[in-house]
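Each remark here refers to the structure printed beneath this line.
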Amino acid sequence: MVLQERLAEESIHPPVIIITGHGDVPMAVRAVKSGAVDFIEKPFNDQLLLDAVHRAIEQDAEQRGRASRLA
């Protein structure tokens with residue numbers, strides 16, 4: 001999460017999915033507010049991760065499209 005916050009400070013916004021074995025609600029809220037696509041706790045099923053990756057790719061494509069149009 002520190003890396004995610006550092007990247008945001010530098011205006012670098014890659015799609016981020018946080019996977020943790022020791023998460024809690026405040027940590028999940030912080031991650032999502034910092035721009036994480038999803039916050040997944042271990043153990044998780046493969047489909048949950050695949051769905052999160054799919055959403056991340058879609059959101060990144062939309063964000064890049066908006067940035068391109070603005071430029």
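Just so we're on the same page: first chain in the structure tokens is A, next is B, and so on; residues restart at 1 for each chain, and ligands are numbered from 1 in the order they show up.
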DSSP strand (DSSP E or B) selection over chain A, as a list in words
Ile17, Ile18, Ile19, Thr20, Asp38, Phe39, Ile40 and Glu41 of chain A
Near-segment 45-59 of chain A list (8 Å; only C-alpha atoms; drop same-chain fewer than 3 positions) as a list of chain:residue names:
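Once the adjacent positions are removed, what remains is A:Pro15, A:Val16, A:Ile17, A:Val37, A:Asp38, A:Ile40, A:Glu62, A:Gln63.
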Please produce a file of those selected residues containing N, CA and C atoms, as a PDB file, in the first residue's frame.
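again_39.pdb, written as the output of this step:
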ATOM      1  N   PRO A  15      -3.205   0.340 -12.608  1.00  0.00           N
ATOM      2  CA  PRO A  15      -4.260  -0.386 -11.899  1.00  0.00           C
ATOM      3  C   PRO A  15      -3.621  -1.255 -10.818  1.00  0.00           C
ATOM      4  N   VAL A  16      -4.175  -1.197  -9.615  1.00  0.00           N
ATOM      5  CA  VAL A  16      -3.608  -1.909  -8.477  1.00  0.00           C
ATOM      6  C   VAL A  16      -4.666  -2.821  -7.863  1.00  0.00           C
ATOM      7  N   ILE A  17      -4.264  -4.042  -7.591  1.00  0.00           N
ATOM      8  CA  ILE A  17      -5.096  -4.989  -6.848  1.00  0.00           C
ATOM      9  C   ILE A  17      -4.284  -5.386  -5.631  1.00  0.00           C
ATOM     10  N   VAL A  37      -8.106  -1.024  -7.419  1.00  0.00           N
ATOM     11  CA  VAL A  37      -9.259  -1.581  -8.118  1.00  0.00           C
ATOM     12  C   VAL A  37      -9.996  -2.541  -7.199  1.00  0.00           C
ATOM     13  N   ASP A  38      -9.243  -3.295  -6.413  1.00  0.00           N
ATOM     14  CA  ASP A  38      -9.862  -4.272  -5.513  1.00  0.00           C
ATOM     15  C   ASP A  38      -8.921  -4.567  -4.354  1.00  0.00           C
ATOM     16  N   ILE A  40      -8.305  -7.869  -2.006  1.00  0.00           N
ATOM     17  CA  ILE A  40      -8.664  -9.285  -1.892  1.00  0.00           C
ATOM     18  C   ILE A  40      -7.912  -9.903  -0.727  1.00  0.00           C
ATOM     19  N   GLU A  62     -10.064   2.728 -19.945  1.00  0.00           N
ATOM     20  CA  GLU A  62     -10.925   3.910 -19.897  1.00  0.00           C
ATOM     21  C   GLU A  62     -10.132   5.147 -19.485  1.00  0.00           C
ATOM     22  N   GLN A  63      -9.287   4.989 -18.466  1.00  0.00           N
ATOM     23  CA  GLN A  63      -8.487   6.112 -17.971  1.00  0.00           C
ATOM     24  C   GLN A  63      -7.509   6.595 -19.051  1.00  0.00           C
TER      25      GLN A  63
END
Can you measure atom CA of Gln4 of chain A to atom CA of Lys33 of chain A for me? One decimal in Å is fine.
10.8 Å
Between A:Asp60, A:Ala36, A:Ala28, A:Gly21, single out the one closest to Ala8 of chain A, counting only C-alpha atoms.
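Among the listed residues, A:Ala36 lies closest to Ala8 of chain A.
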Chain A: which residues are helix (DSSP H, G or I) by DSSP, as a PyMOL selection string?
chain A and resi 2-9+25-33+46-70
With N, CA and C atoms retained, could you export that selection as a short mmCIF file (atom, residue, chain, number, x, y, z; two decimals), in the first residue's frame?
data_model
loop_
_atom_site.label_atom_id
_atom_site.label_comp_id
_atom_site.auth_asym_id
_atom_site.auth_seq_id
_atom_site.Cartn_x
_atom_site.Cartn_y
_atom_site.Cartn_z
N VAL A 2 2.04 1.17 0.60
CA VAL A 2 2.95 2.31 0.58
C VAL A 2 3.37 2.62 -0.86
N LEU A 3 3.66 1.59 -1.63
CA LEU A 3 4.03 1.78 -3.03
C LEU A 3 2.88 2.43 -3.79
N GLN A 4 1.67 1.97 -3.57
CA GLN A 4 0.51 2.54 -4.25
C GLN A 4 0.40 4.03 -3.92
N GLU A 5 0.57 4.39 -2.67
CA GLU A 5 0.47 5.79 -2.27
C GLU A 5 1.61 6.63 -2.85
N ARG A 6 2.81 6.06 -2.90
CA ARG A 6 3.95 6.77 -3.49
C ARG A 6 3.72 7.04 -4.98
N LEU A 7 3.22 6.03 -5.68
CA LEU A 7 2.95 6.20 -7.11
C LEU A 7 1.91 7.30 -7.32
N ALA A 8 0.88 7.33 -6.50
CA ALA A 8 -0.16 8.36 -6.61
C ALA A 8 0.42 9.75 -6.38
N GLU A 9 1.36 9.86 -5.44
CA GLU A 9 2.01 11.15 -5.18
C GLU A 9 2.76 11.64 -6.41
N VAL A 25 -10.84 -3.90 7.62
CA VAL A 25 -11.71 -2.93 6.94
C VAL A 25 -11.01 -1.59 6.75
N PRO A 26 -10.37 -1.02 7.78
CA PRO A 26 -9.70 0.27 7.54
C PRO A 26 -8.62 0.19 6.45
N MET A 27 -7.90 -0.92 6.39
CA MET A 27 -6.88 -1.09 5.37
C MET A 27 -7.52 -1.16 3.98
N ALA A 28 -8.64 -1.88 3.87
CA ALA A 28 -9.33 -1.98 2.59
C ALA A 28 -9.86 -0.62 2.15
N VAL A 29 -10.42 0.13 3.06
CA VAL A 29 -10.93 1.47 2.74
C VAL A 29 -9.79 2.36 2.26
N ARG A 30 -8.67 2.32 2.96
CA ARG A 30 -7.50 3.12 2.58
C ARG A 30 -7.01 2.75 1.18
N ALA A 31 -6.97 1.47 0.89
CA ALA A 31 -6.50 1.01 -0.43
C ALA A 31 -7.43 1.51 -1.54
N VAL A 32 -8.72 1.37 -1.33
CA VAL A 32 -9.68 1.79 -2.36
C VAL A 32 -9.68 3.30 -2.52
N LYS A 33 -9.59 4.04 -1.43
CA LYS A 33 -9.52 5.50 -1.52
C LYS A 33 -8.26 5.95 -2.23
N ASP A 46 -9.78 -18.45 -7.55
CA ASP A 46 -9.14 -17.94 -8.75
C ASP A 46 -10.04 -17.00 -9.54
N GLN A 47 -11.33 -17.30 -9.58
CA GLN A 47 -12.26 -16.48 -10.36
C GLN A 47 -12.34 -15.07 -9.79
N LEU A 48 -12.27 -14.93 -8.48
CA LEU A 48 -12.31 -13.61 -7.85
C LEU A 48 -11.13 -12.76 -8.34
N LEU A 49 -9.95 -13.36 -8.39
CA LEU A 49 -8.78 -12.63 -8.86
C LEU A 49 -8.90 -12.32 -10.35
N LEU A 50 -9.34 -13.27 -11.14
CA LEU A 50 -9.50 -13.04 -12.58
C LEU A 50 -10.49 -11.90 -12.85
N ASP A 51 -11.58 -11.88 -12.10
CA ASP A 51 -12.57 -10.79 -12.25
C ASP A 51 -11.95 -9.44 -11.91
N ALA A 52 -11.14 -9.41 -10.85
CA ALA A 52 -10.49 -8.16 -10.45
C ALA A 52 -9.50 -7.70 -11.52
N VAL A 53 -8.74 -8.62 -12.08
CA VAL A 53 -7.80 -8.27 -13.15
C VAL A 53 -8.55 -7.73 -14.37
N HIS A 54 -9.66 -8.36 -14.70
CA HIS A 54 -10.47 -7.90 -15.84
C HIS A 54 -10.96 -6.47 -15.60
N ARG A 55 -11.47 -6.19 -14.39
CA ARG A 55 -11.92 -4.84 -14.06
C ARG A 55 -10.76 -3.84 -14.13
N ALA A 56 -9.60 -4.26 -13.65
CA ALA A 56 -8.42 -3.39 -13.67
C ALA A 56 -8.04 -3.02 -15.09
N ILE A 57 -8.05 -4.00 -15.98
CA ILE A 57 -7.71 -3.75 -17.38
C ILE A 57 -8.73 -2.79 -18.01
N GLU A 58 -10.01 -3.02 -17.74
CA GLU A 58 -11.05 -2.14 -18.29
C GLU A 58 -10.91 -0.71 -17.78
N GLN A 59 -10.70 -0.57 -16.47
CA GLN A 59 -10.57 0.77 -15.89
C GLN A 59 -9.34 1.49 -16.42
N ASP A 60 -8.24 0.76 -16.60
CA ASP A 60 -7.03 1.36 -17.12
C ASP A 60 -7.24 1.82 -18.56
N ALA A 61 -7.92 1.02 -19.36
CA ALA A 61 -8.19 1.40 -20.76
C ALA A 61 -9.05 2.66 -20.81
N GLU A 62 -10.06 2.73 -19.95
CA GLU A 62 -10.92 3.91 -19.90
C GLU A 62 -10.13 5.15 -19.48
N GLN A 63 -9.29 4.99 -18.47
CA GLN A 63 -8.49 6.11 -17.97
C GLN A 63 -7.51 6.59 -19.05
N ARG A 64 -6.89 5.67 -19.74
CA ARG A 64 -5.96 6.05 -20.81
C ARG A 64 -6.70 6.74 -21.95
N GLY A 65 -7.90 6.27 -22.25
CA GLY A 65 -8.69 6.91 -23.30
C GLY A 65 -9.05 8.33 -22.95
N ARG A 66 -9.47 8.56 -21.70
CA ARG A 66 -9.79 9.93 -21.25
C ARG A 66 -8.55 10.81 -21.32
N ALA A 67 -7.42 10.30 -20.86
CA ALA A 67 -6.18 11.09 -20.87
C ALA A 67 -5.77 11.42 -22.30
N SER A 68 -5.95 10.48 -23.20
CA SER A 68 -5.61 10.72 -24.60
C SER A 68 -6.49 11.79 -25.22
N ARG A 69 -7.78 11.73 -24.92
CA ARG A 69 -8.70 12.75 -25.46
C ARG A 69 -8.38 14.14 -24.91
N LEU A 70 -8.01 14.20 -23.62
CA LEU A 70 -7.68 15.50 -23.02
C LEU A 70 -6.39 16.07 -23.60
#
Separating atom CA of His22 of chain A from atom CA of Gly35 of chain A, to the nearest tenth of an Å, is a gap of 19.5 Å
